[in-house]
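*Asks:* This is protein-v8.pdb (PDB, C-alpha atoms).
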ATOM      1  CA  MET A 278       0.000   0.000   0.000
ATOM      2  CA  ASP A 279       1.382   3.380  -1.061
ATOM      3  CA  LEU A 280      -0.317   5.824   1.300
ATOM      4  CA  LYS A 281       0.795   8.868  -0.705
ATOM      5  CA  VAL A 282      -0.817   7.479  -3.860
ATOM      6  CA  ILE A 283      -4.016   6.587  -1.990
ATOM      7  CA  ARG A 284      -4.265  10.073  -0.496
ATOM      8  CA  ALA A 285      -3.593  11.758  -3.833
ATOM      9  CA  GLN A 286      -6.216   9.678  -5.624
ATOM     10  CA  ALA A 287      -8.727  10.179  -2.844
ATOM     11  CA  LYS A 288      -8.201  13.938  -2.909
ATOM     12  CA  GLU A 289      -9.058  13.992  -6.597
ATOM     13  CA  GLN A 290     -12.077  11.715  -6.192
ATOM     14  CA  LEU A 291     -13.421  13.606  -3.177
ATOM     15  CA  LYS A 292     -12.797  17.100  -4.557
ATOM     16  CA  GLY A 293     -15.290  19.604  -3.149
ATOM     17  CA  TYR A 294     -16.348  17.289  -0.320
ATOM     18  CA  CYS A 295     -13.202  16.232   1.538
ATOM     19  CA  ARG A 296      -9.863  17.996   1.288
ATOM     20  CA  VAL A 297      -7.909  14.968   2.567
ATOM     21  CA  CYS A 298      -6.093  17.287   4.955
ATOM     22  CA  PRO A 299      -2.664  16.303   6.323
ATOM     23  CA  VAL A 300      -4.367  16.160   9.725
ATOM     24  CA  CYS A 301      -8.039  15.177   9.579
ATOM     25  CA  ASP A 302      -9.259  17.366  12.450
ATOM     26  CA  GLY A 303     -12.442  18.917  11.084
ATOM     27  CA  ARG A 304     -11.168  22.490  10.865
ATOM     28  CA  ALA A 305     -11.406  22.906   7.103
ATOM     29  CA  CYS A 306     -14.829  21.257   6.872
ATOM     30  CA  SER A 307     -16.547  22.758   9.935
ATOM     31  CA  GLY A 308     -20.289  22.994   9.421
ATOM     32  CA  GLU A 309     -20.257  20.968   6.208
ATOM     33  CA  VAL A 310     -23.182  18.641   6.858
ATOM     34  CA  PRO A 311     -24.139  17.265   4.345
ATOM     35  CA  GLY A 312     -20.474  16.759   3.593
ATOM     36  CA  MET A 313     -17.645  15.324   5.678
ATOM     37  CA  GLY A 314     -17.535  17.894   8.462
ATOM     38  CA  GLY A 315     -18.943  18.355  11.917
ATOM     39  CA  THR A 316     -22.202  20.152  12.535
ATOM     40  CA  GLY A 317     -22.276  23.865  13.407
ATOM     41  CA  SER A 318     -18.927  25.102  14.648
ATOM     42  CA  GLY A 319     -17.411  21.631  14.250
ATOM     43  CA  ILE A 320     -16.431  21.557  17.937
ATOM     44  CA  GLY A 321     -17.856  18.064  18.445
ATOM     45  CA  PHE A 322     -15.683  16.751  15.611
ATOM     46  CA  ARG A 323     -12.576  18.503  16.918
ATOM     47  CA  ASN A 324     -13.269  17.476  20.517
ATOM     48  CA  ASN A 325     -12.960  13.823  19.516
ATOM     49  CA  LEU A 326      -9.364  14.435  18.469
ATOM     50  CA  LYS A 327      -8.580  16.788  21.361
ATOM     51  CA  ALA A 328      -9.853  14.238  23.860
ATOM     52  CA  LEU A 329      -7.525  11.582  22.487
ATOM     53  CA  GLU A 330      -4.599  14.005  22.289
ATOM     54  CA  ALA A 331      -5.066  14.895  25.959
ATOM     55  CA  TYR A 332      -4.119  11.375  27.013
ATOM     56  CA  GLN A 333      -0.471  10.340  27.075
ATOM     57  CA  LEU A 334       1.035   6.881  27.419
ATOM     58  CA  ASN A 335       3.374   5.336  29.961
ATOM     59  CA  MET A 336       6.304   3.865  28.046
ATOM     60  CA  ARG A 337       7.495   0.580  29.520
ATOM     61  CA  THR A 338      10.249  -1.637  28.119
ATOM     62  CA  LEU A 339      11.212  -3.913  31.026
ATOM     63  CA  HIS A 340       8.766  -6.732  30.370
ATOM     64  CA  GLY A 341       8.132  -9.813  28.246
ATOM     65  CA  ALA A 342       5.605  -8.398  25.754
ATOM     66  CA  LYS A 343       7.876  -8.980  22.774
ATOM     67  CA  ASN A 344       5.242 -10.139  20.273
ATOM     68  CA  PRO A 345       1.792  -9.130  21.532
ATOM     69  CA  SER A 346      -1.389 -10.699  20.236
ATOM     70  CA  ILE A 347      -3.922  -8.169  18.971
ATOM     71  CA  GLU A 348      -6.542 -10.801  18.186
ATOM     72  CA  THR A 349      -9.932 -10.555  19.863
ATOM     73  CA  GLU A 350     -13.556 -11.417  19.173
ATOM     74  CA  LEU A 351     -16.975  -9.797  19.070
ATOM     75  CA  PHE A 352     -20.160 -11.841  19.501
ATOM     76  CA  GLY A 353     -18.150 -14.992  18.943
ATOM     77  CA  VAL A 354     -16.645 -13.698  15.685
ATOM     78  CA  PRO A 355     -12.830 -13.935  15.755
ATOM     79  CA  LEU A 356     -11.106 -10.681  14.760
ATOM     80  CA  ALA A 357      -7.492 -10.160  13.725
ATOM     81  CA  SER A 358      -7.609  -6.858  15.620
ATOM     82  CA  PRO A 359     -10.146  -4.855  17.657
ATOM     83  CA  ILE A 360     -10.293  -2.207  14.891
ATOM     84  CA  MET A 361     -13.468  -2.220  12.779
ATOM     85  CA  ALA A 362     -14.935  -0.013  10.055
ATOM     86  CA  ALA A 363     -17.630   2.372  11.277
ATOM     87  CA  PRO A 364     -20.960   2.587   9.411
ATOM     88  CA  MET A 365     -20.904   5.315   6.742
ATOM     89  CA  THR A 366     -23.355   6.219   3.982
ATOM     90  CA  GLY A 367     -24.261   9.038   1.633
ATOM     91  CA  THR A 368     -21.647   8.988  -1.102
ATOM     92  CA  PRO A 369     -23.693  11.321  -3.353
ATOM     93  CA  TYR A 370     -24.170  14.169  -0.866
ATOM     94  CA  ASN A 371     -21.429  13.521   1.699
ATOM     95  CA  MET A 372     -18.575  12.335  -0.524
ATOM     96  CA  GLY A 373     -19.355  13.667  -3.999
ATOM     97  CA  GLY A 374     -20.608  10.518  -5.677
ATOM     98  CA  ALA A 375     -17.480   9.617  -7.657
ATOM     99  CA  ILE A 376     -18.036   6.102  -6.281
ATOM    100  CA  SER A 377     -21.537   4.630  -6.064
ATOM    101  CA  GLU A 378     -23.068   3.783  -2.695
ATOM    102  CA  ARG A 379     -22.934   0.058  -3.441
ATOM    103  CA  ASP A 380     -19.326   0.132  -4.615
ATOM    104  CA  PHE A 381     -18.227   2.213  -1.637
ATOM    105  CA  ILE A 382     -19.784   0.037   1.029
ATOM    106  CA  GLY A 383     -18.600  -3.050  -0.821
ATOM    107  CA  MET A 384     -15.045  -1.733  -0.530
ATOM    108  CA  ILE A 385     -15.523  -1.111   3.186
ATOM    109  CA  VAL A 386     -16.992  -4.539   3.952
ATOM    110  CA  SER A 387     -14.627  -6.482   1.685
ATOM    111  CA  GLY A 388     -11.533  -4.555   2.763
ATOM    112  CA  SER A 389     -12.438  -5.084   6.405
ATOM    113  CA  LYS A 390     -12.924  -8.804   5.926
ATOM    114  CA  GLN A 391      -9.593  -9.053   4.078
ATOM    115  CA  ALA A 392      -7.965  -7.336   7.066
ATOM    116  CA  GLY A 393      -9.519  -9.945   9.353
ATOM    117  CA  THR A 394     -12.074  -7.660  10.947
ATOM    118  CA  LEU A 395     -15.665  -6.473  10.510
ATOM    119  CA  GLY A 396     -17.115  -3.758   8.308
ATOM    120  CA  TRP A 397     -20.242  -2.057   9.626
ATOM    121  CA  THR A 398     -22.822  -0.630   7.224
ATOM    122  CA  GLY A 399     -25.275   2.211   7.636
ATOM    123  CA  ASP A 400     -28.687   3.537   6.760
ATOM    124  CA  GLY A 401     -29.791   6.789   5.165
ATOM    125  CA  ALA A 402     -32.504   8.816   3.517
ATOM    126  CA  ASP A 403     -32.280   6.813   0.289
ATOM    127  CA  PRO A 404     -33.467   3.195   0.867
ATOM    128  CA  ALA A 405     -30.698   2.081  -1.516
ATOM    129  CA  MET A 406     -28.144   2.961   1.166
ATOM    130  CA  TYR A 407     -29.314   0.334   3.635
ATOM    131  CA  ALA A 408     -29.944  -2.147   0.818
ATOM    132  CA  SER A 409     -26.421  -1.605  -0.526
ATOM    133  CA  GLY A 410     -24.986  -2.418   2.862
ATOM    134  CA  LEU A 411     -26.947  -5.646   3.139
ATOM    135  CA  GLU A 412     -25.889  -6.622  -0.383
ATOM    136  CA  ALA A 413     -22.254  -5.994   0.497
ATOM    137  CA  ILE A 414     -22.542  -8.073   3.662
ATOM    138  CA  ALA A 415     -24.336 -10.883   1.822
ATOM    139  CA  ALA A 416     -21.548 -10.896  -0.771
ATOM    140  CA  GLU A 417     -19.132 -11.608   2.090
ATOM    141  CA  GLN A 418     -21.279 -14.401   3.540
ATOM    142  CA  GLY A 419     -22.795 -12.296   6.285
ATOM    143  CA  HIS A 420     -19.478 -10.897   7.498
ATOM    144  CA  GLY A 421     -20.655  -7.472   8.603
ATOM    145  CA  ILE A 422     -22.948  -5.526  10.933
ATOM    146  CA  PRO A 423     -25.771  -3.282   9.648
ATOM    147  CA  ILE A 424     -26.827  -0.243  11.683
ATOM    148  CA  ILE A 425     -30.284   1.311  11.267
ATOM    149  CA  LYS A 426     -31.407   4.890  11.858
ATOM    150  CA  PRO A 427     -33.891   5.487  14.726
ATOM    151  CA  ARG A 428     -36.923   5.350  12.468
ATOM    152  CA  ASP A 429     -40.505   4.324  13.231
ATOM    153  CA  GLN A 430     -40.709   1.154  15.318
ATOM    154  CA  GLU A 431     -42.222  -1.050  12.624
ATOM    155  CA  VAL A 432     -39.796   0.218  10.004
ATOM    156  CA  ILE A 433     -36.828  -0.642  12.223
ATOM    157  CA  LYS A 434     -38.189  -4.144  12.875
ATOM    158  CA  GLU A 435     -38.713  -4.733   9.169
ATOM    159  CA  LEU A 436     -35.139  -3.626   8.420
ATOM    160  CA  ILE A 437     -33.847  -5.913  11.185
ATOM    161  CA  HIS A 438     -35.685  -8.878   9.642
ATOM    162  CA  ARG A 439     -34.132  -8.087   6.266
ATOM    163  CA  ALA A 440     -30.722  -8.098   7.928
ATOM    164  CA  GLU A 441     -31.409 -11.438   9.624
ATOM    165  CA  ALA A 442     -32.056 -12.997   6.220
ATOM    166  CA  THR A 443     -28.526 -12.113   5.067
ATOM    167  CA  GLY A 444     -26.854 -13.915   7.976
ATOM    168  CA  VAL A 445     -25.353 -10.814   9.603
ATOM    169  CA  LYS A 446     -23.379 -11.180  12.836
ATOM    170  CA  ALA A 447     -25.357  -8.564  14.760
ATOM    171  CA  VAL A 448     -27.628  -5.593  14.155
ATOM    172  CA  GLY A 449     -28.093  -2.210  15.758
ATOM    173  CA  VAL A 450     -29.480   1.310  15.788
ATOM    174  CA  ASP A 451     -27.408   4.491  15.824
ATOM    175  CA  ILE A 452     -29.654   6.254  18.270
ATOM    176  CA  ASP A 453     -27.605   9.443  17.907
ATOM    177  CA  GLY A 454     -29.000   9.680  14.380
ATOM    178  CA  ALA A 455     -32.168  11.052  15.990
ATOM    179  CA  GLY A 456     -31.156  14.564  14.959
ATOM    180  CA  LEU A 457     -29.591  13.978  11.551
ATOM    181  CA  VAL A 458     -30.062  17.045   9.368
ATOM    182  CA  THR A 459     -29.717  15.035   6.169
ATOM    183  CA  MET A 460     -32.527  12.653   7.133
ATOM    184  CA  ALA A 461     -34.791  15.591   7.922
ATOM    185  CA  LEU A 462     -33.974  17.247   4.606
ATOM    186  CA  LYS A 463     -34.929  14.057   2.768
ATOM    187  CA  GLY A 464     -38.255  13.665   4.568
ATOM    188  CA  GLN A 465     -37.257  10.602   6.607
ATOM    189  CA  PRO A 466     -38.661  10.724  10.163
ATOM    190  CA  VAL A 467     -36.163   9.821  12.880
ATOM    191  CA  GLY A 468     -36.167  10.575  16.578
ATOM    192  CA  PRO A 469     -35.319   9.519  20.130
ATOM    193  CA  LYS A 470     -36.641   6.285  21.656
ATOM    194  CA  THR A 471     -38.118   5.630  25.071
ATOM    195  CA  LEU A 472     -36.811   2.725  27.127
ATOM    196  CA  ASP A 473     -39.954   0.730  26.330
ATOM    197  CA  GLU A 474     -39.570   1.407  22.620
ATOM    198  CA  LEU A 475     -35.942   0.308  22.789
ATOM    199  CA  LYS A 476     -36.891  -2.915  24.573
ATOM    200  CA  GLU A 477     -39.501  -3.624  21.903
ATOM    201  CA  ILE A 478     -36.899  -3.293  19.152
ATOM    202  CA  ILE A 479     -34.285  -5.406  20.939
ATOM    203  CA  HIS A 480     -36.771  -8.165  21.732
ATOM    204  CA  SER A 481     -37.791  -8.358  18.068
ATOM    205  CA  THR A 482     -34.556 -10.172  17.166
ATOM    206  CA  LYS A 483     -32.364 -12.974  18.475
ATOM    207  CA  LEU A 484     -29.275 -11.328  17.030
ATOM    208  CA  PRO A 485     -26.883  -9.407  19.289
ATOM    209  CA  PHE A 486     -28.177  -5.835  19.369
ATOM    210  CA  ILE A 487     -25.927  -2.763  19.397
ATOM    211  CA  LEU A 488     -26.909   0.725  20.493
ATOM    212  CA  LYS A 489     -24.581   3.229  18.854
ATOM    213  CA  GLY A 490     -24.306   6.813  20.035
ATOM    214  CA  ILE A 491     -24.113   6.600  23.826
ATOM    215  CA  MET A 492     -22.393   9.536  25.563
ATOM    216  CA  THR A 493     -23.613   9.412  29.180
ATOM    217  CA  VAL A 494     -23.526   6.894  32.019
ATOM    218  CA  ASP A 495     -27.295   6.938  32.515
ATOM    219  CA  GLU A 496     -27.960   6.044  28.881
ATOM    220  CA  ALA A 497     -25.316   3.303  28.986
ATOM    221  CA  GLU A 498     -27.128   1.861  31.997
ATOM    222  CA  ALA A 499     -30.433   2.182  30.145
ATOM    223  CA  ALA A 500     -28.964   0.182  27.245
ATOM    224  CA  VAL A 501     -28.044  -2.585  29.705
ATOM    225  CA  ALA A 502     -31.544  -2.484  31.216
ATOM    226  CA  ALA A 503     -33.110  -2.731  27.757
ATOM    227  CA  GLY A 504     -31.127  -5.860  26.940
ATOM    228  CA  ALA A 505     -28.629  -4.540  24.387
ATOM    229  CA  SER A 506     -25.527  -6.651  23.772
ATOM    230  CA  ALA A 507     -23.212  -3.718  23.093
ATOM    231  CA  ILE A 508     -22.998   0.042  23.014
ATOM    232  CA  VAL A 509     -20.810   2.342  20.958
ATOM    233  CA  VAL A 510     -19.611   5.416  22.836
ATOM    234  CA  SER A 511     -19.864   7.973  20.053
ATOM    235  CA  ASN A 512     -21.012  11.506  19.232
ATOM    236  CA  HIS A 513     -21.632  10.475  15.604
ATOM    237  CA  GLY A 514     -18.373  12.045  14.493
ATOM    238  CA  GLY A 515     -19.572  15.439  15.737
ATOM    239  CA  ARG A 516     -22.231  15.479  13.024
ATOM    240  CA  ILE A 517     -25.343  15.636  15.208
ATOM    241  CA  LEU A 518     -25.019  18.111  18.089
ATOM    242  CA  ASP A 519     -22.580  20.997  18.320
ATOM    243  CA  SER A 520     -20.367  21.343  21.416
ATOM    244  CA  THR A 521     -20.437  17.711  22.518
ATOM    245  CA  PRO A 522     -17.433  16.343  24.417
ATOM    246  CA  GLY A 523     -15.112  13.914  22.712
ATOM    247  CA  ALA A 524     -15.869  10.210  23.057
ATOM    248  CA  ALA A 525     -12.587   9.616  24.912
ATOM    249  CA  GLU A 526     -13.642  12.151  27.564
ATOM    250  CA  VAL A 527     -16.798  10.274  28.567
ATOM    251  CA  LEU A 528     -15.626   6.707  27.893
ATOM    252  CA  PRO A 529     -13.890   6.025  31.253
ATOM    253  CA  ALA A 530     -16.984   6.786  33.337
ATOM    254  CA  ILE A 531     -19.232   4.796  31.012
ATOM    255  CA  ALA A 532     -16.879   1.804  31.011
ATOM    256  CA  ALA A 533     -16.615   1.936  34.808
ATOM    257  CA  ALA A 534     -20.401   1.731  35.045
ATOM    258  CA  VAL A 535     -21.255  -0.996  32.524
ATOM    259  CA  LYS A 536     -18.175  -2.884  31.303
ATOM    260  CA  GLY A 537     -18.656  -6.583  31.935
ATOM    261  CA  LYS A 538     -22.423  -6.216  31.651
ATOM    262  CA  ILE A 539     -22.317  -5.204  27.999
ATOM    263  CA  ALA A 540     -19.651  -4.898  25.292
ATOM    264  CA  VAL A 541     -18.289  -1.351  25.213
ATOM    265  CA  LEU A 542     -17.092  -0.079  21.831
ATOM    266  CA  ALA A 543     -15.988   3.441  20.932
ATOM    267  CA  ASP A 544     -15.314   5.685  17.960
ATOM    268  CA  GLY A 545     -14.462   9.292  17.205
ATOM    269  CA  GLY A 546     -11.224  10.871  16.031
ATOM    270  CA  VAL A 547      -9.300   7.601  15.639
ATOM    271  CA  ARG A 548      -6.380   8.237  13.300
ATOM    272  CA  SER A 549      -3.747   5.708  14.414
ATOM    273  CA  GLY A 550      -3.104   2.507  16.299
ATOM    274  CA  THR A 551      -1.943   4.609  19.236
ATOM    275  CA  ASP A 552      -5.406   6.188  19.362
ATOM    276  CA  VAL A 553      -6.855   2.681  19.403
ATOM    277  CA  LEU A 554      -4.629   1.737  22.346
ATOM    278  CA  LYS A 555      -5.793   4.804  24.258
ATOM    279  CA  LEU A 556      -9.474   3.934  23.804
ATOM    280  CA  LEU A 557      -8.860   0.328  24.830
ATOM    281  CA  ALA A 558      -6.953   1.503  27.917
ATOM    282  CA  LEU A 559      -9.837   3.846  28.752
ATOM    283  CA  GLY A 560     -12.259   0.923  28.784
ATOM    284  CA  ALA A 561     -13.307   0.056  25.247
ATOM    285  CA  ASP A 562     -13.480  -3.572  24.082
ATOM    286  CA  GLY A 563     -13.209  -2.543  20.433
ATOM    287  CA  VAL A 564     -12.855   0.548  18.264
ATOM    288  CA  LEU A 565     -14.530   1.830  15.093
ATOM    289  CA  VAL A 566     -12.762   3.936  12.463
ATOM    290  CA  GLY A 567     -14.622   6.174  10.024
ATOM    291  CA  ARG A 568     -13.240   9.036   7.961
ATOM    292  CA  PRO A 569      -9.747   7.573   7.327
ATOM    293  CA  LEU A 570     -11.386   4.609   5.606
ATOM    294  CA  VAL A 571     -13.285   6.926   3.268
ATOM    295  CA  VAL A 572      -9.867   8.051   2.046
ATOM    296  CA  GLY A 573      -8.793   4.414   1.794
ATOM    297  CA  ALA A 574     -11.820   3.451  -0.279
ATOM    298  CA  PHE A 575     -11.806   6.459  -2.604
ATOM    299  CA  GLY A 576      -8.039   6.272  -3.034
ATOM    300  CA  GLY A 577      -7.459   2.544  -3.187
ATOM    301  CA  GLY A 578     -10.706   0.567  -3.140
ATOM    302  CA  ALA A 579     -11.034  -2.485  -0.914
ATOM    303  CA  GLU A 580      -7.250  -2.826  -0.954
ATOM    304  CA  GLY A 581      -6.926   0.718   0.392
ATOM    305  CA  VAL A 582      -9.366  -0.036   3.208
ATOM    306  CA  LYS A 583      -7.516  -3.249   4.036
ATOM    307  CA  GLY A 584      -4.167  -1.452   3.971
ATOM    308  CA  LEU A 585      -5.226   1.311   6.343
ATOM    309  CA  LEU A 586      -6.800  -1.143   8.793
ATOM    310  CA  GLU A 587      -3.646  -3.246   8.742
ATOM    311  CA  LYS A 588      -1.487  -0.144   9.183
ATOM    312  CA  MET A 589      -3.446   0.822  12.318
ATOM    313  CA  ALA A 590      -3.263  -2.759  13.582
ATOM    314  CA  ALA A 591       0.527  -2.744  13.180
ATOM    315  CA  GLU A 592       0.722   0.595  15.019
ATOM    316  CA  LEU A 593      -1.422  -0.833  17.821
ATOM    317  CA  LYS A 594       0.876  -3.836  18.156
ATOM    318  CA  GLN A 595       3.966  -1.611  18.262
ATOM    319  CA  ALA A 596       2.357   0.620  20.900
ATOM    320  CA  MET A 597       1.513  -2.467  22.968
ATOM    321  CA  ILE A 598       5.146  -3.575  22.851
ATOM    322  CA  LEU A 599       6.203  -0.170  24.166
ATOM    323  CA  THR A 600       3.595  -0.106  26.948
ATOM    324  CA  GLY A 601       4.030  -3.705  28.136
ATOM    325  CA  CYS A 602       0.750  -5.222  26.961
ATOM    326  CA  ASN A 603       0.963  -8.811  25.772
ATOM    327  CA  SER A 604      -2.659  -9.115  24.616
ATOM    328  CA  ILE A 605      -5.793  -7.042  24.154
ATOM    329  CA  LYS A 606      -7.079  -8.297  27.516
ATOM    330  CA  GLU A 607      -3.907  -7.060  29.222
ATOM    331  CA  ILE A 608      -4.447  -3.455  28.119
ATOM    332  CA  HIS A 609      -5.429  -1.559  31.262
ATOM    333  CA  ALA A 610      -5.817   1.934  32.689
ATOM    334  CA  GLY A 611      -2.177   1.921  33.828
ATOM    335  CA  VAL A 612      -1.173   2.394  30.210
ATOM    336  CA  ILE A 613      -2.434   5.983  30.487
ATOM    337  CA  TYR A 614      -0.050   8.518  32.024
ATOM    338  CA  LYS A 615      -1.513  10.425  34.956
ATOM    339  CA  PRO A 616       0.605  13.274  36.329
ATOM    340  CA  GLU A 617       1.004  13.433  40.103
TER     341      GLU A 617
END
Would you put the structure from the file into structure tokens?
*Replies:*
Amino acid sequence: MDLKVIRAQAKEQLKGYCRVCPVCDGRACSGEVPGMGGTGSGIGFRNNLKALEAYQLNMRTLHGAKNPSIETELFGVPLASPIMAAPMTGTPYNMGGAISERDFIGMIVSGSKQAGTLGWTGDGADPAMYASGLEAIAAEQGHGIPIIKPRDQEVIKELIHRAEATGVKAVGVDIDGAGLVTMALKGQPVGPKTLDELKEIIHSTKLPFILKGIMTVDEAEAAVAAGASAIVVSNHGGRILDSTPGAAEVLPAIAAAVKGKIAVLADGGVRSGTDVLKLLALGADGVLVGRPLVVGAFGGGAEGVKGLLEKMAAELKQAMILTGCNSIKEIHAGVIYKPE
């Protein structure tokens, strides 16, 4: 994988929608929703990166972690690393449309599988977006996880049943999509869910159910009470509500409250394997990556997605060697530097 070539090709393909900045921090694209930016001032987007940057690592080299294992699993699915592709949709209005929705999500799902991990797919105002994701997952023998917007109850259940028919590993709702501007513009009703409504959705399937977009302890505890199998600590990439904290800021308290009762995943501002290590040390069981993989897909197809995921996995392994972690399970809060 030639990262310079991938970035150059992606910049051309994404022209007018993503500048493929040297540092993807949301400054150049603030307020560009639809587009690749964060909503409003873009603070929520930038806070994801700032939150990760605020944490430093304790370097340790007197130990036996010479060749750490980064393998893990999710819902019984073995993963080569805890790094997965976040659900992303909207190539026409978010990414310029140089690649079709179906081709894009196919690159994400296939590239993720080739890297030994899982690609998640999304939902959007155009029904073809969700359908494209299911087609991509079906093409990889069910190796993927579809996420549905918080639509009407019966619509969600129908979309879950369609996912079940493709043999997916799990299914979920990105509850933080309740305020998506793009959905509103396209006349697609979305909104918050009560605890009873959430229970109704979860009990409609035997698949593991994921609630994506949790940013507070009380809502993490509500997800446990409703019977969810996993949560994703996420502010939707800063694309929903302006001035939200970064995911890494709220993750430790959430993990302290519910880890062990439910799988805790996280996303937001992940740009390297070191960022992945930080989130794992702060309490996450796995990590989702979004915008960097858009660059990988538009610049190098499935191979570009695979290459970037493998690059982050290699960085994670190197960071584990230098912090004394021999396996994913051995990553702990002591990895994080805390000044006296």
*Asks:* Report as a list in words the residues that result from applying the PyMOL selection byres ((chain A and resi 492) around 6) to the structure here.
*Replies:* Ile491, Thr493 and Val510 of chain A
*Asks:* Could those residues be written to a file, using C-alpha atoms, as a PDB file, keeping the file's coordinate frame?
*Replies:*
ATOM      1  CA  ILE A 491     -24.113   6.600  23.826  1.00  0.00           C
ATOM      2  CA  THR A 493     -23.613   9.412  29.180  1.00  0.00           C
ATOM      3  CA  VAL A 510     -19.611   5.416  22.836  1.00  0.00           C
TER       4      VAL A 510
END
*Asks:* Could you tell me which of A:Arg439, A:His420, A:Lys615, A:Lys434 comes closest to Tyr407 of chain A if we count all atoms listed in the file?
*Replies:*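 Among the listed residues, the smallest separation from Tyr407 of chain A belongs to A:Arg439.
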*Asks:* Report as a PyMOL selection string all protein, DNA and RNA residues lying within 12 Å of Gln286 of chain A, evaluated on only C-alpha atoms, omitting residues in the same chain fewer than 2 positions from it.
*Replies:* chain A and resi 279-284+288-292+295-297+375+571-578+581
*Asks:* So that I have them on file, write out the residues from the current selection with C-alpha atoms, as a JSON list (two decimals), in the frame of the given file.
*Replies:*
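Produced file out_9.json, reproduced below:
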[["chain", "number", "residue", "atom", "x", "y", "z"],
["A", 279, "ASP", "CA", 1.38, 3.38, -1.06],
["A", 280, "LEU", "CA", -0.32, 5.82, 1.30],
["A", 281, "LYS", "CA", 0.80, 8.87, -0.70],
["A", 282, "VAL", "CA", -0.82, 7.48, -3.86],
["A", 283, "ILE", "CA", -4.02, 6.59, -1.99],
["A", 284, "ARG", "CA", -4.26, 10.07, -0.50],
["A", 288, "LYS", "CA", -8.20, 13.94, -2.91],
["A", 289, "GLU", "CA", -9.06, 13.99, -6.60],
["A", 290, "GLN", "CA", -12.08, 11.72, -6.19],
["A", 291, "LEU", "CA", -13.42, 13.61, -3.18],
["A", 292, "LYS", "CA", -12.80, 17.10, -4.56],
["A", 295, "CYS", "CA", -13.20, 16.23, 1.54],
["A", 296, "ARG", "CA", -9.86, 18.00, 1.29],
["A", 297, "VAL", "CA", -7.91, 14.97, 2.57],
["A", 375, "ALA", "CA", -17.48, 9.62, -7.66],
["A", 571, "VAL", "CA", -13.28, 6.93, 3.27],
["A", 572, "VAL", "CA", -9.87, 8.05, 2.05],
["A", 573, "GLY", "CA", -8.79, 4.41, 1.79],
["A", 574, "ALA", "CA", -11.82, 3.45, -0.28],
["A", 575, "PHE", "CA", -11.81, 6.46, -2.60],
["A", 576, "GLY", "CA", -8.04, 6.27, -3.03],
["A", 577, "GLY", "CA", -7.46, 2.54, -3.19],
["A", 578, "GLY", "CA", -10.71, 0.57, -3.14],
["A", 581, "GLY", "CA", -6.93, 0.72, 0.39]]
*Asks:* Distance cut-off 6 Å, centre (-1.4, 2.6, 17.4) in file coordinates, counting only C-alpha atoms: which residues qualify? Return them as a JSON list (two decimals) with C-alpha atoms, in the frame of the given file.
*Replies:*
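Written file, part-v4.json:
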[["chain", "number", "residue", "atom", "x", "y", "z"],
["A", 549, "SER", "CA", -3.75, 5.71, 14.41],
["A", 550, "GLY", "CA", -3.10, 2.51, 16.30],
["A", 551, "THR", "CA", -1.94, 4.61, 19.24],
["A", 552, "ASP", "CA", -5.41, 6.19, 19.36],
["A", 553, "VAL", "CA", -6.86, 2.68, 19.40],
["A", 554, "LEU", "CA", -4.63, 1.74, 22.35],
["A", 589, "MET", "CA", -3.45, 0.82, 12.32],
["A", 592, "GLU", "CA", 0.72, 0.60, 15.02],
["A", 593, "LEU", "CA", -1.42, -0.83, 17.82],
["A", 596, "ALA", "CA", 2.36, 0.62, 20.90]]
*Asks:* What does the distance between atom CA of Thr459 of chain A and atom CA of Val310 of chain A come to in Å, to one decimal place?
*Replies:*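 Going from atom CA of Thr459 of chain A over to atom CA of Val310 of chain A, I get 7.5 Å.
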*Asks:* Report as a PyMOL selection string the full result of the PyMOL selection byres ((chain A and resi 391) around 12) when it is applied to this structure.
*Replies:* chain A and resi 356-358+361+383-390+392-396+417+420+579-587
*Asks:* Grab the atom CA of Ala534 of chain A to atom CA of Ile424 of chain A distance for me, in Å with one decimal place.
*Replies:* 24.3 Å
*Asks:* Run the PyMOL selection byres ((chain A and resi 505) around 9) against the file shown and list the residues it catches, as a ChimeraX atom specification.
*Replies:* /A:449,475-476,479,485-488,500-504,506-508,539
*Asks:* Suppose you want the space between atom CA of Ala610 of chain A and atom CA of Ala558 of chain A; what is it in Å?
*Replies:* 4.9 Å
*Asks:* Would you pick out the contacts of Leu599 of chain A at 9 Å or less, using all atoms listed in the file, so that residues sharing its chain but fewer than 2 positions from it are not included, and give the list as number ranges by chain?
*Replies:* A: 335-338, 342, 594-597, 601-602
*Asks:* Which residue out of A:Ala405, A:Ala305, A:Pro616, A:Ile478 has the minimum interatomic distance to Val432 of chain A when only C-alpha atoms are used?
*Replies:* A:Ile478
*Asks:* Name all residues at most 12 Å from Ile437 of chain A (count all atoms listed in the file; drop same-chain ones fewer than 3 positions away) and give them as a PyMOL selection string.
*Replies:* chain A and resi 400+407-408+411+422-428+430-434+440-450+478-487
*Asks:* Counting only C-alpha atoms, which residue out of A:Val509, A:Ile517, A:Ala455, A:Met372 sits closest to Gly563 of chain A?
*Replies:*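 The closest residue to Gly563 of chain A is A:Val509.
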*Asks:* Taking the point (-20.5, 5.5, 16.3) as given in the file, collect each protein or nucleic acid residue that comes within 6 Å of it, counting all atoms listed in the file, and present the set as a ChimeraX atom specification.
*Replies:* /A:489-490,509,511,513,544
*Asks:* I need the residue nearest Pro369 of chain A from this list: A:Glu607, A:Ile414, A:Met313, A:Ile347. Use all atoms listed in the file for the distance.
*Replies:*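 Distance minimum relative to Pro369 of chain A lands on A:Met313.
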*Asks:* I'd like to know which of A:Glu477, A:Glu330, A:Glu309, A:Asp451 is closest to Met365 of chain A, using all atoms listed in the file.
*Replies:*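 Among A:Glu477, A:Glu330, A:Glu309, A:Asp451, it is A:Asp451 that comes nearest to Met365 of chain A.
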